[in-house]
Every structure is written in C-alpha cells, then in structure tokens.
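Engineer: So I've got this file, protein.cif, and it contains mmCIF, C-alpha atoms:
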```
data_upload
#
loop_
_atom_site.label_atom_id
_atom_site.label_comp_id
_atom_site.auth_asym_id
_atom_site.auth_seq_id
_atom_site.Cartn_x
_atom_site.Cartn_y
_atom_site.Cartn_z
CA MET A 22 -64.27 -127.10 -75.46
CA ARG A 23 -66.90 -128.24 -73.03
CA PRO A 24 -69.08 -125.91 -70.95
CA VAL A 25 -68.42 -126.20 -67.24
CA THR A 26 -70.26 -123.21 -65.76
CA THR A 27 -73.14 -121.04 -66.95
CA LEU A 28 -74.44 -118.06 -64.97
CA GLU A 29 -77.62 -116.18 -65.92
CA LEU A 30 -77.92 -112.76 -64.27
CA LEU A 31 -79.02 -109.17 -64.56
CA ALA A 32 -75.96 -106.94 -64.89
CA THR A 33 -75.67 -104.85 -61.74
CA PRO A 34 -72.65 -103.82 -59.67
CA ALA A 35 -73.71 -106.24 -56.92
CA GLU A 36 -73.79 -109.12 -59.40
CA VAL A 37 -70.20 -108.42 -60.51
CA SER A 38 -68.86 -109.52 -57.13
CA GLY A 39 -71.17 -112.56 -57.27
CA VAL A 40 -69.69 -113.53 -60.64
CA ARG A 41 -66.18 -113.26 -59.20
CA ARG A 42 -67.16 -115.51 -56.28
CA ALA A 43 -68.85 -118.04 -58.58
CA LEU A 44 -65.74 -118.27 -60.77
CA ARG A 45 -63.18 -118.44 -57.95
CA ALA A 46 -62.22 -122.03 -58.84
CA TYR A 47 -61.02 -120.89 -62.29
CA GLY A 48 -58.39 -118.49 -60.92
CA THR A 49 -57.95 -114.77 -60.66
CA ASP A 50 -57.40 -114.16 -64.39
CA VAL A 51 -60.81 -115.64 -65.25
CA GLN A 52 -62.41 -113.74 -62.36
CA LEU A 53 -60.86 -110.45 -63.48
CA CYS A 54 -61.82 -110.90 -67.13
CA ALA A 55 -65.40 -111.83 -66.22
CA SER A 56 -65.64 -108.87 -63.87
CA GLU A 57 -64.40 -106.47 -66.55
CA LEU A 58 -66.69 -107.84 -69.28
CA VAL A 59 -69.81 -107.74 -67.09
CA THR A 60 -68.88 -104.23 -65.93
CA ASN A 61 -68.64 -103.18 -69.59
CA VAL A 62 -72.24 -104.30 -70.08
CA ILE A 63 -73.32 -102.17 -67.11
CA GLN A 64 -71.38 -99.12 -68.31
CA HIS A 65 -72.36 -99.28 -71.95
CA LEU A 66 -75.87 -100.82 -71.89
CA GLY A 67 -77.08 -99.99 -68.38
CA GLU A 68 -77.96 -101.81 -65.18
CA GLY A 69 -80.41 -104.68 -65.25
CA VAL A 70 -79.46 -105.97 -68.72
CA PRO A 71 -79.72 -109.77 -68.91
CA VAL A 72 -76.29 -111.39 -69.25
CA THR A 73 -75.08 -114.94 -69.62
CA VAL A 74 -71.57 -115.79 -68.42
CA ARG A 75 -70.15 -119.10 -69.65
CA VAL A 76 -66.89 -120.83 -68.80
CA LEU A 77 -65.66 -123.60 -71.09
CA ARG A 78 -62.53 -125.77 -70.74
CA ASP A 79 -60.62 -127.92 -73.18
CA SER A 80 -58.75 -131.11 -72.35
CA GLY A 81 -55.47 -129.17 -72.10
CA GLY A 82 -56.83 -126.87 -69.39
CA ARG A 83 -57.33 -123.79 -71.59
CA THR A 84 -60.33 -121.71 -70.47
CA ARG A 85 -62.75 -119.79 -72.66
CA LEU A 86 -64.90 -117.15 -70.99
CA GLU A 87 -67.99 -115.84 -72.79
CA VAL A 88 -70.22 -112.93 -71.76
CA THR A 89 -73.41 -112.60 -73.83
CA ASP A 90 -75.75 -109.59 -73.81
CA PRO A 91 -78.76 -108.62 -75.97
CA ASP A 92 -77.24 -105.65 -77.88
CA PRO A 93 -75.42 -106.66 -81.09
CA ARG A 94 -74.49 -103.05 -81.88
CA ALA A 95 -72.57 -101.93 -78.76
CA LEU A 96 -69.17 -103.42 -79.55
CA PRO A 97 -66.18 -103.30 -77.21
CA VAL A 98 -63.29 -101.06 -78.25
CA LEU A 99 -59.74 -101.51 -77.04
CA ARG A 100 -58.47 -98.03 -76.18
CA ALA A 101 -54.88 -97.21 -77.08
CA ALA A 102 -54.18 -95.19 -73.93
CA VAL A 103 -56.02 -93.96 -70.87
CA ALA A 104 -54.90 -91.01 -68.75
CA ASP A 105 -53.77 -91.80 -65.20
CA GLU A 106 -56.61 -89.76 -63.71
CA ASP A 107 -59.34 -91.50 -65.76
CA GLU A 108 -61.55 -93.72 -63.62
CA SER A 109 -62.48 -96.12 -66.41
CA GLY A 110 -61.31 -97.35 -69.78
CA ARG A 111 -58.76 -99.97 -68.73
CA GLY A 112 -60.99 -103.06 -68.58
CA LEU A 113 -60.55 -104.28 -72.11
CA ALA A 114 -56.82 -103.56 -71.95
CA LEU A 115 -56.67 -105.87 -68.92
CA VAL A 116 -58.58 -108.57 -70.79
CA ASP A 117 -56.23 -108.12 -73.76
CA ALA A 118 -53.18 -108.44 -71.49
CA LEU A 119 -54.40 -111.56 -69.68
CA ALA A 120 -56.02 -113.46 -72.54
CA SER A 121 -54.27 -115.41 -75.28
CA ARG A 122 -56.88 -113.95 -77.63
CA TRP A 123 -60.31 -112.36 -77.46
CA GLY A 124 -63.06 -111.27 -79.80
CA VAL A 125 -66.75 -110.68 -80.41
CA ALA A 126 -69.35 -112.94 -82.00
CA GLN A 127 -72.38 -110.97 -83.21
CA GLY A 128 -75.85 -112.29 -83.88
CA PRO A 129 -79.20 -110.68 -84.66
CA ASP A 130 -80.30 -110.86 -81.01
CA GLY A 131 -77.07 -110.02 -79.21
CA LYS A 132 -73.36 -110.48 -79.01
CA THR A 133 -70.88 -112.57 -77.11
CA VAL A 134 -67.58 -111.08 -76.01
CA TRP A 135 -65.16 -113.93 -75.40
CA CYS A 136 -61.60 -114.46 -74.31
CA GLU A 137 -59.37 -117.49 -74.05
CA LEU A 138 -56.94 -117.88 -71.18
CA PRO A 139 -54.04 -120.32 -71.12
CA ALA A 140 -53.98 -123.34 -68.84
CA ARG A 141 -52.77 -122.60 -65.33
CA ALA A 142 -49.68 -124.40 -64.07
CA GLY A 143 -50.40 -128.10 -63.83
CA GLU A 144 -53.52 -127.93 -66.04
CA GLY A 145 -52.32 -129.21 -69.38
CA SER A 146 -49.95 -128.08 -72.06
CA GLY A 147 -48.64 -124.61 -72.76
CA ALA A 148 -50.54 -121.49 -73.75
CA PRO A 149 -51.56 -120.83 -77.33
CA GLY A 150 -50.09 -117.78 -79.04
CA ARG A 151 -51.78 -114.39 -78.93
CA GLY A 152 -54.19 -113.79 -81.73
CA PRO A 153 -55.89 -110.74 -83.15
CA VAL A 154 -59.27 -109.51 -82.08
CA SER A 155 -61.83 -111.18 -84.29
CA VAL A 156 -65.42 -110.28 -85.00
CA ALA A 157 -67.64 -113.12 -86.22
CA SER A 158 -71.32 -113.63 -86.81
CA VAL A 159 -73.16 -116.24 -84.78
#
```
Give the structure from the file, written as structure tokens.
Structural biologist:
Amino acid sequence: MRPVTTLELLATPAEVSGVRRALRAYGTDVQLCASELVTNVIQHLGEGVPVTVRVLRDSGGRTRLEVTDPDPRALPVLRAAVADEDESGRGLALVDALASRWGVAQGPDGKTVWCELPARAGEGSGAPGRGPVSVASV
C-alpha cells in the first residue's frame, strides 16, 4: 500500500467535518469511517488531542485508513448492542460494517486504529474477505 493522503490535526468537532471534506475523493465509506474514528478520539481522550489521519491505497484500489493518537492504552471496543435512545456507541459498529477488516496497532507512544475498505466499483479487483479485529504492536 502506498500513502496518498496524510492529515495532521488537533481532534475537535470542527476538524471532523474538515476531515470529511479532505477525504471526499475517497468516497463516503472512507469519510464515514474517518469521521467515526476521529470522533472516538475526541470522546475518549478529549478535544485538542493531536491526531494523524492517513489514507493508503493498493494497486487494486483497496483503501486503508489509519487514525493515530498518542494514547496507547485507550483501546476501541466494539459494543454488542446499543439502545435506540443512546446518543453514542454506534461508531465502531459502523466501521465494522463498512470495512473488510479493522484493528489496532499499539506502540509505546500511541496507537493507530485502522480499517481496510474494499475497492469501489471500477477501482480494481474484488473486496477481500472480512477478518477479525487484530491488535498488534508497532
């Protein structure tokens, strides 16, 4: 995979819409996943946390989205069910539904939550199969 876009930002609600705009060319699934992953940083680590958003593509058109933050301990958790009246808790379920696979790479100075999305129509061969959530050290 080759990097095609890197965004450095401070995680704030205003920046979430900026990330969506910056990633418009990659399609709505990439925009939605990026929005949810950056919003998770805001909700679980707080506003103003430095974040790096990377988009990588392979020759078949598959897209890998990475969101890196400085806290290696605050890991994302896929919730089994969320009540209809709950205002949050669905973000990672959306990422899980849209992505072929996703996971977390931990390092001593942070973590990267990543997801891989299949090629859009006309962008290479078919989608890879779904894989389990994986946690790896960087």
Engineer: Record the distance separating atom CA of Val88 of chain A and atom CA of Thr27 of chain A, expressed in Å with one decimal.
Structural biologist: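 So the two atoms, atom CA of Val88 of chain A and atom CA of Thr27 of chain A, lie 9.9 Å apart.
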Engineer: Care to translate the PyMOL selection byres ((chain A and resi 59) around 10) into actual residues of this file, as a ChimeraX atom specification?
Structural biologist: /A:30-34,36-37,40,54-58,60-64,70,72-74,88-90,134
Engineer: Applying the PyMOL selection byres ((chain A and resi 132) around 10) to the file I just gave you, which residues come out? Please list them as an MDAnalysis selection string.
Structural biologist: chainID A and resid 87:96 125:131 133:135 156:159
Engineer: For the residues selected in the previous step, produce a file with C-alpha atoms as a PDB file, keeping the file's coordinate frame.
Structural biologist:
```
ATOM      1  CA  GLU A  87     -67.990-115.840 -72.790  1.00  0.00           C
ATOM      2  CA  VAL A  88     -70.220-112.930 -71.760  1.00  0.00           C
ATOM      3  CA  THR A  89     -73.410-112.600 -73.830  1.00  0.00           C
ATOM      4  CA  ASP A  90     -75.750-109.590 -73.810  1.00  0.00           C
ATOM      5  CA  PRO A  91     -78.760-108.620 -75.970  1.00  0.00           C
ATOM      6  CA  ASP A  92     -77.240-105.650 -77.880  1.00  0.00           C
ATOM      7  CA  PRO A  93     -75.420-106.660 -81.090  1.00  0.00           C
ATOM      8  CA  ARG A  94     -74.490-103.050 -81.880  1.00  0.00           C
ATOM      9  CA  ALA A  95     -72.570-101.930 -78.760  1.00  0.00           C
ATOM     10  CA  LEU A  96     -69.170-103.420 -79.550  1.00  0.00           C
ATOM     11  CA  VAL A 125     -66.750-110.680 -80.410  1.00  0.00           C
ATOM     12  CA  ALA A 126     -69.350-112.940 -82.000  1.00  0.00           C
ATOM     13  CA  GLN A 127     -72.380-110.970 -83.210  1.00  0.00           C
ATOM     14  CA  GLY A 128     -75.850-112.290 -83.880  1.00  0.00           C
ATOM     15  CA  PRO A 129     -79.200-110.680 -84.660  1.00  0.00           C
ATOM     16  CA  ASP A 130     -80.300-110.860 -81.010  1.00  0.00           C
ATOM     17  CA  GLY A 131     -77.070-110.020 -79.210  1.00  0.00           C
ATOM     18  CA  THR A 133     -70.880-112.570 -77.110  1.00  0.00           C
ATOM     19  CA  VAL A 134     -67.580-111.080 -76.010  1.00  0.00           C
ATOM     20  CA  TRP A 135     -65.160-113.930 -75.400  1.00  0.00           C
ATOM     21  CA  VAL A 156     -65.420-110.280 -85.000  1.00  0.00           C
ATOM     22  CA  ALA A 157     -67.640-113.120 -86.220  1.00  0.00           C
ATOM     23  CA  SER A 158     -71.320-113.630 -86.810  1.00  0.00           C
ATOM     24  CA  VAL A 159     -73.160-116.240 -84.780  1.00  0.00           C
TER      25      VAL A 159
END
```
Engineer: Report, in Å to a single decimal, how far apart atom CA of Cys136 of chain A and atom CA of Gly112 of chain A are.
Structural biologist: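 Distance between the two atoms: 12.8 Å.
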Engineer: Could you tell me, as a list of chain:residue names, exactly which residues end up selected when the PyMOL selection byres ((chain A and resi 78) around 12) is applied to this structure?
Structural biologist: A:Met22, A:Arg23, A:Pro24, A:Val25, A:Thr26, A:Tyr47, A:Val51, A:Arg75, A:Val76, A:Leu77, A:Asp79, A:Ser80, A:Gly81, A:Gly82, A:Arg83, A:Thr84, A:Arg85, A:Leu86, A:Glu87, A:Cys136, A:Glu137, A:Leu138, A:Pro139, A:Ala140, A:Arg141, A:Glu144, A:Gly145
Engineer: To one decimal place in Å, what is the distance between atom CA of Ala114 of chain A and atom CA of Pro71 of chain A?
Structural biologist: 23.9 Å
Engineer: Looking at only C-alpha atoms, which of A:Leu66, A:Val98, A:Leu119, A:Ala35 is the one that sits closest to Leu53 of chain A?
Structural biologist: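 Nearest to Leu53 of chain A: A:Leu119.
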Engineer: Any chance you could model N, CA, C and O atoms for segment 87-98 of chain A and send them as a CSV table (one decimal), keeping the file's coordinate frame?
Structural biologist:
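What follows is the written file result-v6.csv:
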```csv
chain,number,residue,atom,x,y,z
A,87,GLU,N,-67.1,-116.5,-71.9
A,87,GLU,CA,-68.0,-115.8,-72.8
A,87,GLU,C,-69.0,-115.0,-72.0
A,87,GLU,O,-69.6,-115.5,-71.0
A,88,VAL,N,-69.2,-113.8,-72.4
A,88,VAL,CA,-70.2,-112.9,-71.8
A,88,VAL,C,-71.2,-112.5,-72.9
A,88,VAL,O,-70.7,-111.8,-73.8
A,89,THR,N,-72.4,-112.9,-72.8
A,89,THR,CA,-73.4,-112.6,-73.8
A,89,THR,C,-74.4,-111.6,-73.3
A,89,THR,O,-74.9,-111.7,-72.2
A,90,ASP,N,-74.7,-110.6,-74.1
A,90,ASP,CA,-75.8,-109.6,-73.8
A,90,ASP,C,-76.6,-109.4,-75.0
A,90,ASP,O,-76.3,-109.8,-76.1
A,91,PRO,N,-77.8,-108.7,-74.9
A,91,PRO,CA,-78.8,-108.6,-76.0
A,91,PRO,C,-78.5,-107.5,-77.0
A,91,PRO,O,-79.3,-107.4,-77.9
A,92,ASP,N,-77.4,-106.8,-76.9
A,92,ASP,CA,-77.2,-105.6,-77.9
A,92,ASP,C,-76.1,-106.0,-78.9
A,92,ASP,O,-74.9,-105.9,-78.5
A,93,PRO,N,-76.5,-106.3,-80.1
A,93,PRO,CA,-75.4,-106.7,-81.1
A,93,PRO,C,-74.6,-105.5,-81.6
A,93,PRO,O,-73.6,-105.6,-82.3
A,94,ARG,N,-75.1,-104.3,-81.3
A,94,ARG,CA,-74.5,-103.0,-81.9
A,94,ARG,C,-73.4,-102.4,-81.0
A,94,ARG,O,-72.5,-101.8,-81.5
A,95,ALA,N,-73.5,-102.6,-79.7
A,95,ALA,CA,-72.6,-101.9,-78.8
A,95,ALA,C,-71.3,-102.8,-78.6
A,95,ALA,O,-71.3,-103.7,-77.8
A,96,LEU,N,-70.4,-102.6,-79.5
A,96,LEU,CA,-69.2,-103.4,-79.6
A,96,LEU,C,-68.1,-102.9,-78.7
A,96,LEU,O,-67.9,-101.7,-78.6
A,97,PRO,N,-67.3,-103.8,-78.0
A,97,PRO,CA,-66.2,-103.3,-77.2
A,97,PRO,C,-65.1,-102.7,-78.1
A,97,PRO,O,-64.8,-103.2,-79.2
A,98,VAL,N,-64.4,-101.7,-77.5
A,98,VAL,CA,-63.3,-101.1,-78.2
A,98,VAL,C,-62.1,-101.0,-77.3
A,98,VAL,O,-62.2,-100.5,-76.2
```
